[in-house]
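Peer 1: Dumping the structure here so I can ask a few things about it.
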Amino acid sequence: MAKNEPKMEPPDMSGILFPLAGVMIMVLAVVIGNAQALFTNTSVQLEIPKANVIEADLEQMIPISIDKNGAYFYKDEKLNDVKDLTPKVAADQKKYAEEAGDPELEGFQMVVIRGDKSIQWGSVLEAIDAVKRAKCKRVVLAVIKKRG
Amino acid sequence: MARKPSITIEETQKIPINLGPFSDVTTSLVIMFMLSIPFLVESGIFITRSLAAKTPQMMQQAKKSDIKVNIYLRSDGTVMLNKEPVDPEQLPDLIPRLLARSIEKKAILTADAEVIYESVIDYIDMLKANGASDVLIMKRKAATSTEAPEAPE
């Protein structure tokens with residue numbers, strides 16, 4: 001009787017798994033390629049200076065970028081003047097406190113200044129001044145951890 | 001006479017595809033990605049505010065403070081430590097000794113506006129790595145670049 005039973009073969013999954021593996025590799029490659037943009041909340045590409053000492057993980061922050069030509073960016077928006085930073089940062093800080101439901105938190109959202117490593121220090125100082133005029137209490141200079 | 005194909009279409013469809021190399025490559029990519037995250041993702045160094053608006057009271061407080069390290073980076077490449085020119089290579093030895101005499105272990109860093117940002121970050125990093133609890137970023141007036149930096153807040 002057992003001889004008459006139909007022989008069970010495992011289903012051939014290779015037709016499904018082959019494209020699935022390809023898609024997985026593609027997705028992984030895209031994630032690796034865009035990792036920096038995913039973590040920094042901005043798509044402005046810069047050469048960030050490197051440092052050994054790391055003090056802050058950048059989460060829920062307001063990114064301000066300065067590219068190698070000295071142009072200022074608030075998130076992804078290019079600004080005509082560094083003075084335009086102050087009202088924008090102040091508005092975001094107010095929004096942050098309102099969302100948290102605690103007015104005392106105004107100014108406590110982290111502001112990250114992302115400067116290209118080749119720019120002049122004066123450009124960064126102007127950005128720090130503009131941010132401080134918005135009464136920000138937590139200002140961070142973006143760095144990437146040095147290897148080794 | 002028609003040549004008989006060595007493998008028919010039906011036979012090709014039955015050949016199992018070896019997914020081992022694919023999974024190896026994917027696993028390697030995941031591991032490489034995970035290991036490289038610290039070097040890809042931006043982190044930050046906290047700074048204390050520059051003095052856009054200083055007051056006489058702040059100046060008085062600064063004079064009374066116990067800040068023992070005051071570094072000034074000039075645009076010509078000269079590095080001044082407590083108003084004296086110093087070899088940058090000696091700083092990693094000097095800074096811990098000076099900070100040891102300070103209670104708050106704060107350091108002042110001033111730089112001319114023309115100094116390259118990367119070198120300022122290098123000095124902030126060096127100060128923090130050598131025990132400075134806080135690096136006060138100072139602003140210099142362009143016309144008085146040879147004078148002492150503005151006082152910390």
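Please note that chains go A, B, ... in the order of the structure tokens, that every chain numbers its residues from 1, and that ligands are numbered from 1 in the order shown.
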What are the closest atom pairs, with distances in Å to one decimal, for all residues of chain B lying within 10 Å of chain A? Consider only C-alpha atoms, order rows by chain and residue number, and present the result as JSON lines.

Peer 2:
{"residue": "B:Gln13", "atom": "CA", "partner": "A:Gly15", "partner_atom": "CA", "distance": 8.7}
{"residue": "B:Lys14", "atom": "CA", "partner": "A:Asp12", "partner_atom": "CA", "distance": 8.0}
{"residue": "B:Ile15", "atom": "CA", "partner": "A:Ser14", "partner_atom": "CA", "distance": 9.1}
{"residue": "B:Pro16", "atom": "CA", "partner": "A:Ser14", "partner_atom": "CA", "distance": 6.5}
{"residue": "B:Ile17", "atom": "CA", "partner": "A:Ser14", "partner_atom": "CA", "distance": 5.9}
{"residue": "B:Asn18", "atom": "CA", "partner": "A:Ser14", "partner_atom": "CA", "distance": 8.3}
{"residue": "B:Leu19", "atom": "CA", "partner": "A:Phe18", "partner_atom": "CA", "distance": 7.3}
{"residue": "B:Phe22", "atom": "CA", "partner": "A:Ala21", "partner_atom": "CA", "distance": 6.6}
{"residue": "B:Ser23", "atom": "CA", "partner": "A:Ala21", "partner_atom": "CA", "distance": 7.5}
{"residue": "B:Val25", "atom": "CA", "partner": "A:Ile25", "partner_atom": "CA", "distance": 8.2}
{"residue": "B:Thr26", "atom": "CA", "partner": "A:Ile25", "partner_atom": "CA", "distance": 6.0}
{"residue": "B:Thr27", "atom": "CA", "partner": "A:Ile25", "partner_atom": "CA", "distance": 9.6}
{"residue": "B:Leu29", "atom": "CA", "partner": "A:Leu28", "partner_atom": "CA", "distance": 7.6}
{"residue": "B:Val30", "atom": "CA", "partner": "A:Leu28", "partner_atom": "CA", "distance": 7.5}
{"residue": "B:Met32", "atom": "CA", "partner": "A:Ile32", "partner_atom": "CA", "distance": 9.6}
{"residue": "B:Phe33", "atom": "CA", "partner": "A:Ile32", "partner_atom": "CA", "distance": 6.6}
{"residue": "B:Met34", "atom": "CA", "partner": "A:Ile32", "partner_atom": "CA", "distance": 9.6}
{"residue": "B:Ser36", "atom": "CA", "partner": "A:Ile32", "partner_atom": "CA", "distance": 9.5}
{"residue": "B:Ile37", "atom": "CA", "partner": "A:Ala35", "partner_atom": "CA", "distance": 8.2}
{"residue": "B:Pro38", "atom": "CA", "partner": "A:Lys145", "partner_atom": "CA", "distance": 6.6}
{"residue": "B:Phe39", "atom": "CA", "partner": "A:Lys145", "partner_atom": "CA", "distance": 5.5}
{"residue": "B:Leu40", "atom": "CA", "partner": "A:Gln36", "partner_atom": "CA", "distance": 6.2}
{"residue": "B:Val41", "atom": "CA", "partner": "A:Gln36", "partner_atom": "CA", "distance": 5.7}
{"residue": "B:Glu42", "atom": "CA", "partner": "A:Ile144", "partner_atom": "CA", "distance": 4.9}
{"residue": "B:Ser43", "atom": "CA", "partner": "A:Asp57", "partner_atom": "CA", "distance": 5.2}
{"residue": "B:Gly44", "atom": "CA", "partner": "A:Ala142", "partner_atom": "CA", "distance": 4.4}
{"residue": "B:Ile45", "atom": "CA", "partner": "A:Leu141", "partner_atom": "CA", "distance": 5.3}
{"residue": "B:Phe46", "atom": "CA", "partner": "A:Val140", "partner_atom": "CA", "distance": 4.5}
{"residue": "B:Ile47", "atom": "CA", "partner": "A:Val140", "partner_atom": "CA", "distance": 6.0}
{"residue": "B:Thr48", "atom": "CA", "partner": "A:Val139", "partner_atom": "CA", "distance": 7.5}
{"residue": "B:Arg49", "atom": "CA", "partner": "A:Lys132", "partner_atom": "CA", "distance": 7.0}
{"residue": "B:Ser50", "atom": "CA", "partner": "A:Asp129", "partner_atom": "CA", "distance": 6.7}
{"residue": "B:Leu51", "atom": "CA", "partner": "A:Asp129", "partner_atom": "CA", "distance": 7.8}
{"residue": "B:Ala52", "atom": "CA", "partner": "A:Asp129", "partner_atom": "CA", "distance": 5.9}
{"residue": "B:Ala53", "atom": "CA", "partner": "A:Arg133", "partner_atom": "CA", "distance": 9.1}
{"residue": "B:Ala111", "atom": "CA", "partner": "A:Trp121", "partner_atom": "CA", "distance": 7.4}
{"residue": "B:Asp112", "atom": "CA", "partner": "A:Gly122", "partner_atom": "CA", "distance": 7.3}
{"residue": "B:Ala113", "atom": "CA", "partner": "A:Gly122", "partner_atom": "CA", "distance": 3.9}
{"residue": "B:Glu114", "atom": "CA", "partner": "A:Gln120", "partner_atom": "CA", "distance": 5.3}
{"residue": "B:Val115", "atom": "CA", "partner": "A:Trp121", "partner_atom": "CA", "distance": 5.5}
{"residue": "B:Ile116", "atom": "CA", "partner": "A:Gln120", "partner_atom": "CA", "distance": 4.6}
{"residue": "B:Tyr117", "atom": "CA", "partner": "A:Trp121", "partner_atom": "CA", "distance": 4.7}
{"residue": "B:Glu118", "atom": "CA", "partner": "A:Lys117", "partner_atom": "CA", "distance": 4.7}
{"residue": "B:Ser119", "atom": "CA", "partner": "A:Lys117", "partner_atom": "CA", "distance": 8.4}
{"residue": "B:Val120", "atom": "CA", "partner": "A:Trp121", "partner_atom": "CA", "distance": 7.3}
{"residue": "B:Ile121", "atom": "CA", "partner": "A:Pro49", "partner_atom": "CA", "distance": 7.1}
{"residue": "B:Asp122", "atom": "CA", "partner": "A:Ala51", "partner_atom": "CA", "distance": 6.7}
{"residue": "B:Tyr123", "atom": "CA", "partner": "A:Ala51", "partner_atom": "CA", "distance": 9.6}
{"residue": "B:Ile124", "atom": "CA", "partner": "A:Ala51", "partner_atom": "CA", "distance": 8.8}
{"residue": "B:Asp125", "atom": "CA", "partner": "A:Ala51", "partner_atom": "CA", "distance": 5.9}
{"residue": "B:Met126", "atom": "CA", "partner": "A:Asn52", "partner_atom": "CA", "distance": 8.3}
{"residue": "B:Leu127", "atom": "CA", "partner": "A:Val53", "partner_atom": "CA", "distance": 9.5}
{"residue": "B:Lys128", "atom": "CA", "partner": "A:Val53", "partner_atom": "CA", "distance": 6.7}
{"residue": "B:Ala129", "atom": "CA", "partner": "A:Val53", "partner_atom": "CA", "distance": 6.2}
{"residue": "B:Asn130", "atom": "CA", "partner": "A:Val53", "partner_atom": "CA", "distance": 10.0}
{"residue": "B:Ile137", "atom": "CA", "partner": "A:Leu125", "partner_atom": "CA", "distance": 8.8}
{"residue": "B:Met138", "atom": "CA", "partner": "A:Leu125", "partner_atom": "CA", "distance": 8.9}
{"residue": "B:Lys139", "atom": "CA", "partner": "A:Leu125", "partner_atom": "CA", "distance": 7.5}
{"residue": "B:Arg140", "atom": "CA", "partner": "A:Gly122", "partner_atom": "CA", "distance": 9.8}

Peer 1: So the first atom is atom CA of Val86 of chain B and the second is atom CA of Ile103 of chain B; what is the distance between them in Å, to one decimal place?

Peer 2: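 Computing it gives 23.6 Å between the two atoms.
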
Peer 1: Between A:Pro63, A:Lys135, A:Ala127, A:Gln45, which residue has the minimum interatomic distance to Lys83 of chain A, considering only C-alpha atoms?

Peer 2: A:Ala127

Peer 1: Which distance in Å separates atom CA of Val69 of chain B and atom CA of Ala107 of chain B, to one decimal?

Peer 2: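 Atom CA of Val69 of chain B sits 4.9 Å away from atom CA of Ala107 of chain B.
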
Peer 1: My list of candidates is B:Leu136, B:Gly77, B:Ile67, B:Ser28. Which is closest to Ile95 of chain B when distances are computed with only C-alpha atoms?

Peer 2: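 Counting only C-alpha atoms, the residue closest to Ile95 of chain B is B:Ile67.
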
Peer 1: Among segment 14-116 of chain A, which ones does DSSP assign to strand (DSSP E or B) (computed from the backbone)? Answer as a VMD selection string.

Peer 2: chain A and resid 50 to 51 56 to 57 62 to 66 72 to 74 77 to 79 111 to 115

Peer 1: Just the number, please: distance in Å from atom CA of Ile71 of chain B to atom CA of Lys83 of chain B, one decimal.

Peer 2: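 Here the two named atoms are 7.8 Å from each other.
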
Peer 1: From a DSSP calculation on the backbone, collect every residue of segment 61-121 of chain B in alpha helix (DSSP H) and output the set as an NGL selection string.

Peer 2: :B and (61-64 or 91-99 or 117-121)

Peer 1: Please produce an output containing N, CA and C atoms for each residue in the selection, written as an mmCIF file, in the first residue's frame.

Peer 2:
data_model
loop_
_atom_site.group_PDB
_atom_site.id
_atom_site.type_symbol
_atom_site.label_atom_id
_atom_site.label_comp_id
_atom_site.auth_asym_id
_atom_site.auth_seq_id
_atom_site.Cartn_x
_atom_site.Cartn_y
_atom_site.Cartn_z
ATOM 1 N N GLN B 61 33.588 87.757 36.117
ATOM 2 C CA GLN B 61 33.541 86.336 36.488
ATOM 3 C C GLN B 61 34.699 85.572 35.845
ATOM 4 N N ALA B 62 34.983 85.934 34.609
ATOM 5 C CA ALA B 62 36.040 85.220 33.886
ATOM 6 C C ALA B 62 37.403 85.450 34.532
ATOM 7 N N LYS B 63 37.627 86.681 34.970
ATOM 8 C CA LYS B 63 38.923 86.986 35.582
ATOM 9 C C LYS B 63 39.116 86.188 36.866
ATOM 10 N N LYS B 64 37.996 85.951 37.540
ATOM 11 C CA LYS B 64 38.090 85.231 38.807
ATOM 12 C C LYS B 64 38.095 83.715 38.607
ATOM 13 N N LEU B 91 51.623 70.402 22.994
ATOM 14 C CA LEU B 91 50.353 70.632 23.687
ATOM 15 C C LEU B 91 49.803 69.392 24.398
ATOM 16 N N PRO B 92 49.835 68.207 23.776
ATOM 17 C CA PRO B 92 49.304 67.034 24.493
ATOM 18 C C PRO B 92 50.015 66.744 25.812
ATOM 19 N N ASP B 93 51.265 67.220 25.967
ATOM 20 C CA ASP B 93 51.968 67.063 27.247
ATOM 21 C C ASP B 93 51.623 68.186 28.210
ATOM 22 N N LEU B 94 51.505 69.392 27.669
ATOM 23 C CA LEU B 94 51.287 70.569 28.521
ATOM 24 C C LEU B 94 49.851 70.658 29.047
ATOM 25 N N ILE B 95 48.893 70.324 28.205
ATOM 26 C CA ILE B 95 47.475 70.531 28.570
ATOM 27 C C ILE B 95 47.093 69.763 29.845
ATOM 28 N N PRO B 96 47.391 68.461 29.946
ATOM 29 C CA PRO B 96 46.986 67.754 31.175
ATOM 30 C C PRO B 96 47.609 68.350 32.437
ATOM 31 N N ARG B 97 48.865 68.834 32.322
ATOM 32 C CA ARG B 97 49.531 69.422 33.495
ATOM 33 C C ARG B 97 48.857 70.730 33.901
ATOM 34 N N LEU B 98 48.469 71.526 32.912
ATOM 35 C CA LEU B 98 47.791 72.789 33.221
ATOM 36 C C LEU B 98 46.386 72.537 33.766
ATOM 37 N N LEU B 99 45.699 71.576 33.162
ATOM 38 C CA LEU B 99 44.328 71.280 33.615
ATOM 39 C C LEU B 99 44.313 70.706 35.029
ATOM 40 N N TYR B 117 38.390 75.256 9.502
ATOM 41 C CA TYR B 117 37.498 74.629 10.492
ATOM 42 C C TYR B 117 38.050 73.306 11.002
ATOM 43 N N GLU B 118 38.601 72.502 10.109
ATOM 44 C CA GLU B 118 39.091 71.177 10.504
ATOM 45 C C GLU B 118 40.179 71.276 11.575
ATOM 46 N N SER B 119 41.049 72.304 11.464
ATOM 47 C CA SER B 119 42.115 72.416 12.465
ATOM 48 C C SER B 119 41.548 72.850 13.815
ATOM 49 N N VAL B 120 40.480 73.661 13.788
ATOM 50 C CA VAL B 120 39.846 74.050 15.063
ATOM 51 C C VAL B 120 39.237 72.814 15.731
ATOM 52 N N ILE B 121 38.593 71.987 14.930
ATOM 53 C CA ILE B 121 38.015 70.747 15.469
ATOM 54 C C ILE B 121 39.117 69.862 16.051
#
